[in-house]
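I have placed the structure first, in the form of structure tokens, so that the comments after it can refer back to it.
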Amino acid sequence: MKTEDLISQIKKKQSFLIVGLDTDLDKIPKHLLKEEDPIFAFNKAIIDATQDLCVGYKPNTAFYEAYGLKGWKALEKTINYINETYPEQFTIADAKRGDIGNTSTRYAKAFFEDLNFDSVTVAPYMGKDSVEPFLAFKDKHTIMLALTSNQGAFDFQTQTIDGQELYKHVLETSKSYENSDQLMYVVGATKAEYLTDIRAIIPEAFLLVPGVGAQGGSLREVCKYGITEDIGLLVNSSRGIIYNSQGEDFAIAARNVAQQMQSEMQEILVQNS
Ligand SMILES: O=c1ccn([C@@H]2O[C@H](COP(=O)(O)O)[C@@H](O)[C@H]2O)c(=O)[nH]1
């Protein structure tokens, strides 16, 4: 998907919500366990119930890999369902990959060609030659971890090297990568106060922002410091949306929370227009 198509979706739906599909068999409603593929049955119901309120879906691959072959099959069915039924949705494989170049190319092929995701999350730690193989894929997006939402982000990411925090080195350096216009960055909603500094380095790049909902980050604070003329934000919520009921009404319950988030986003977009 081209960035301009993503921006027009955001404007049309008045939403920059990404629904996280972190599907856990211990957390989904029990009545679904009798389905042939409970993971896909759950995802399909959540997608159908929320697709008009969000601009994308982010399955975290850990939740699928944990179930081996049947988990990977459910991931494949989920991405195929989204691409066939709601092709306007931006899809993110939250896989946090990155390796020597030769291996990164295989990861990129797996997510961009075989599964046909629009984007994949990538760890920056191995540097330029581990990230550029992802950027070689046209109209696909590589989402680099910059400043993550967890407490451990302070272990390395905010440490100062040559007078600058490591996450700032990541942002600055990545701008020189080939096809860097296809880069987006992960910044945790729990680190909203850092967004002014982040926007000084990457004023226009899209940010994937996890950490609202279950992790306690504030949508308003993220927007206050991070929003751009083209919005520039994709705010993800996973558990906060998908696990609101253990009953037959689980998809309606997910829709209700997604609707609240979309309404709040619409208010923010109107205020910023
Ligand atoms: O810094 C990061 C990077 C990725 N994540 C992932 O996003 C979702 C958040 O789930 P919630 O249930 O909304 O907390 C999950 O897949 C994480 O692995 C993140 O939280 N922070």
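Each chain in the structure tokens gets a letter, A, B, ..., in the order shown, and its residues are numbered from 1; ligands are numbered from 1 in order too.
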
At a cut-off of 9 Å, can you tabulate as JSON lines every residue of chain A near ligand 1 together with its closest atom pair and the distance in Å to one decimal, using only C-alpha atoms and all ligand atoms and ordering rows by chain then number?
{"residue": "A:Val19", "atom": "CA", "partner": "ligand 1", "partner_atom_place_in_ligand_line": "13 (O)", "distance": 8.5}
{"residue": "A:Gly20", "atom": "CA", "partner": "ligand 1", "partner_atom_place_in_ligand_line": "8 (C)", "distance": 6.3}
{"residue": "A:Leu21", "atom": "CA", "partner": "ligand 1", "partner_atom_place_in_ligand_line": "16 (O)", "distance": 7.6}
{"residue": "A:Asp22", "atom": "CA", "partner": "ligand 1", "partner_atom_place_in_ligand_line": "16 (O)", "distance": 5.9}
{"residue": "A:Lys58", "atom": "CA", "partner": "ligand 1", "partner_atom_place_in_ligand_line": "16 (O)", "distance": 7.6}
{"residue": "A:Pro59", "atom": "CA", "partner": "ligand 1", "partner_atom_place_in_ligand_line": "16 (O)", "distance": 7.1}
{"residue": "A:Asn60", "atom": "CA", "partner": "ligand 1", "partner_atom_place_in_ligand_line": "16 (O)", "distance": 4.8}
{"residue": "A:Thr61", "atom": "CA", "partner": "ligand 1", "partner_atom_place_in_ligand_line": "16 (O)", "distance": 8.3}
{"residue": "A:Ala62", "atom": "CA", "partner": "ligand 1", "partner_atom_place_in_ligand_line": "18 (O)", "distance": 8.2}
{"residue": "A:Phe63", "atom": "CA", "partner": "ligand 1", "partner_atom_place_in_ligand_line": "16 (O)", "distance": 8.5}
{"residue": "A:Asp94", "atom": "CA", "partner": "ligand 1", "partner_atom_place_in_ligand_line": "16 (O)", "distance": 6.8}
{"residue": "A:Ala95", "atom": "CA", "partner": "ligand 1", "partner_atom_place_in_ligand_line": "18 (O)", "distance": 8.9}
{"residue": "A:Lys96", "atom": "CA", "partner": "ligand 1", "partner_atom_place_in_ligand_line": "4 (C)", "distance": 8.3}
{"residue": "A:Thr121", "atom": "CA", "partner": "ligand 1", "partner_atom_place_in_ligand_line": "4 (C)", "distance": 8.5}
{"residue": "A:Leu145", "atom": "CA", "partner": "ligand 1", "partner_atom_place_in_ligand_line": "1 (O)", "distance": 7.1}
{"residue": "A:Ala146", "atom": "CA", "partner": "ligand 1", "partner_atom_place_in_ligand_line": "1 (O)", "distance": 8.2}
{"residue": "A:Leu147", "atom": "CA", "partner": "ligand 1", "partner_atom_place_in_ligand_line": "1 (O)", "distance": 6.7}
{"residue": "A:Thr148", "atom": "CA", "partner": "ligand 1", "partner_atom_place_in_ligand_line": "1 (O)", "distance": 3.2}
{"residue": "A:Ser149", "atom": "CA", "partner": "ligand 1", "partner_atom_place_in_ligand_line": "1 (O)", "distance": 3.9}
{"residue": "A:Asn150", "atom": "CA", "partner": "ligand 1", "partner_atom_place_in_ligand_line": "1 (O)", "distance": 6.0}
{"residue": "A:Ala153", "atom": "CA", "partner": "ligand 1", "partner_atom_place_in_ligand_line": "1 (O)", "distance": 8.1}
{"residue": "A:Val186", "atom": "CA", "partner": "ligand 1", "partner_atom_place_in_ligand_line": "1 (O)", "distance": 6.3}
{"residue": "A:Val187", "atom": "CA", "partner": "ligand 1", "partner_atom_place_in_ligand_line": "1 (O)", "distance": 6.2}
{"residue": "A:Gly188", "atom": "CA", "partner": "ligand 1", "partner_atom_place_in_ligand_line": "1 (O)", "distance": 4.9}
{"residue": "A:Ala189", "atom": "CA", "partner": "ligand 1", "partner_atom_place_in_ligand_line": "21 (N)", "distance": 8.3}
{"residue": "A:Thr190", "atom": "CA", "partner": "ligand 1", "partner_atom_place_in_ligand_line": "1 (O)", "distance": 8.9}
{"residue": "A:Leu208", "atom": "CA", "partner": "ligand 1", "partner_atom_place_in_ligand_line": "3 (C)", "distance": 8.5}
{"residue": "A:Val209", "atom": "CA", "partner": "ligand 1", "partner_atom_place_in_ligand_line": "2 (C)", "distance": 7.6}
{"residue": "A:Pro210", "atom": "CA", "partner": "ligand 1", "partner_atom_place_in_ligand_line": "7 (O)", "distance": 4.8}
{"residue": "A:Gly211", "atom": "CA", "partner": "ligand 1", "partner_atom_place_in_ligand_line": "14 (O)", "distance": 5.1}
{"residue": "A:Val212", "atom": "CA", "partner": "ligand 1", "partner_atom_place_in_ligand_line": "13 (O)", "distance": 6.1}
{"residue": "A:Gly213", "atom": "CA", "partner": "ligand 1", "partner_atom_place_in_ligand_line": "13 (O)", "distance": 5.8}
{"residue": "A:Ala214", "atom": "CA", "partner": "ligand 1", "partner_atom_place_in_ligand_line": "14 (O)", "distance": 4.8}
{"residue": "A:Gln215", "atom": "CA", "partner": "ligand 1", "partner_atom_place_in_ligand_line": "14 (O)", "distance": 5.1}
{"residue": "A:Gly216", "atom": "CA", "partner": "ligand 1", "partner_atom_place_in_ligand_line": "14 (O)", "distance": 8.3}
{"residue": "A:Asn236", "atom": "CA", "partner": "ligand 1", "partner_atom_place_in_ligand_line": "13 (O)", "distance": 6.3}
{"residue": "A:Ser237", "atom": "CA", "partner": "ligand 1", "partner_atom_place_in_ligand_line": "13 (O)", "distance": 3.8}
{"residue": "A:Ser238", "atom": "CA", "partner": "ligand 1", "partner_atom_place_in_ligand_line": "13 (O)", "distance": 3.8}
{"residue": "A:Arg239", "atom": "CA", "partner": "ligand 1", "partner_atom_place_in_ligand_line": "12 (O)", "distance": 3.7}
{"residue": "A:Gly240", "atom": "CA", "partner": "ligand 1", "partner_atom_place_in_ligand_line": "13 (O)", "distance": 5.8}
{"residue": "A:Ile241", "atom": "CA", "partner": "ligand 1", "partner_atom_place_in_ligand_line": "13 (O)", "distance": 7.9}
{"residue": "A:Ile242", "atom": "CA", "partner": "ligand 1", "partner_atom_place_in_ligand_line": "12 (O)", "distance": 8.7}

With only C-alpha atoms counted and 9 Å as the cut-off, give the residues of segment 102-122 of chain A in contact with segment 68-89 of chain A, each with its shortest interatomic distance in Å and the pair that gives it, as CSV.
residue,atom,partner,partner_atom,distance
A:Leu115,CA,A:Glu76,CA,6.4
A:Asn116,CA,A:Ile79,CA,7.6
A:Phe117,CA,A:Ile79,CA,7.2

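Interatomic distance, atom CA of Asp99 of chain A to atom CA of Met126 of chain A: 6.5 Å.
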
Name the residues of segment 16-257 of chain A that fall into strand (DSSP E or B) according to DSSP on the backbone, using the chain letters and numbers of this document, as a ChimeraX atom specification. /A:17-20,56-58,60,90-97,119-122,141-147,160-161,164-165,183-187,207-209,212,217,228,231,233-237

Close residues, Thr173 of chain A itself excluded, 10 Å, only C-alpha atoms, min 4 positions apart in chain, as an MDAnalysis selection string: chainID A and resid 127:128 167:169 177

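Between atom CA of Glu65 of chain A and atom CA of Ser119 of chain A the separation is 18.0 Å.
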
Per-residue nearest contacts of segment 155-265 of chain A to segment 130-142 of chain A (10 Å; only C-alpha atoms) as a Markdown table:
| residue | atom | partner | partner_atom | distance |
| --- | --- | --- | --- | --- |
| A:Ser174 | CA | A:Val131 | CA | 8.8 |
| A:Tyr177 | CA | A:Glu132 | CA | 6.6 |
| A:Glu178 | CA | A:Glu132 | CA | 6.5 |
| A:Asn179 | CA | A:Leu135 | CA | 5.9 |
| A:Ser180 | CA | A:Leu135 | CA | 7.2 |
| A:Asp181 | CA | A:His141 | CA | 8.8 |
| A:Gln182 | CA | A:His141 | CA | 5.0 |
| A:Leu183 | CA | A:Thr142 | CA | 5.0 |
| A:Met184 | CA | A:Thr142 | CA | 6.1 |
| A:Tyr185 | CA | A:Thr142 | CA | 8.0 |

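Between Lys11 of chain A and the candidates A:Ile161, A:Met261, A:Ile231, A:Leu166, the tightest atom-to-atom separation, counting only C-alpha atoms, involves A:Ile231.
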
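Atom to atom, atom CA of Ala66 of chain A and atom CA of Asp26 of chain A stand 12.1 Å apart.
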
Residue neighbourhood Glu248 of chain A, 8 Å, only C-alpha atoms, exclusion window fewer than 3 positions, as a ChimeraX atom specification: /A:29,31,245,251

Neighbour list for Thr91 of chain A as a PyMOL selection string, cut-off 6 Å, only C-alpha atoms, skip fewer than 6 positions in-chain: chain A and resi 56-57+117-118

I need the helix (DSSP H, G or I) residues of segment 52-270 of chain A per DSSP on the backbone, written as a ChimeraX atom specification. /A:62-65,68-85,101-114,128-135,153-156,166-174,180-182,189-201,213-215,219-226,239-242,250-270

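Closest approach to Thr105 of chain A from the set A:Tyr243, A:Asp129, A:Leu53, A:Leu234 is made by A:Asp129, with distances taken over only C-alpha atoms.
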
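Shortest atom-to-atom contact with Gly247 of chain A among A:Ile92, A:Ala205, A:Leu32, A:Cys223: A:Leu32, counting only C-alpha atoms.
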
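Nearest-residue note for Ser176 of chain A: choosing from A:Ala123, A:Met265, A:Ile202, A:Thr196, the minimum distance belongs to A:Ile202, counting only C-alpha atoms.
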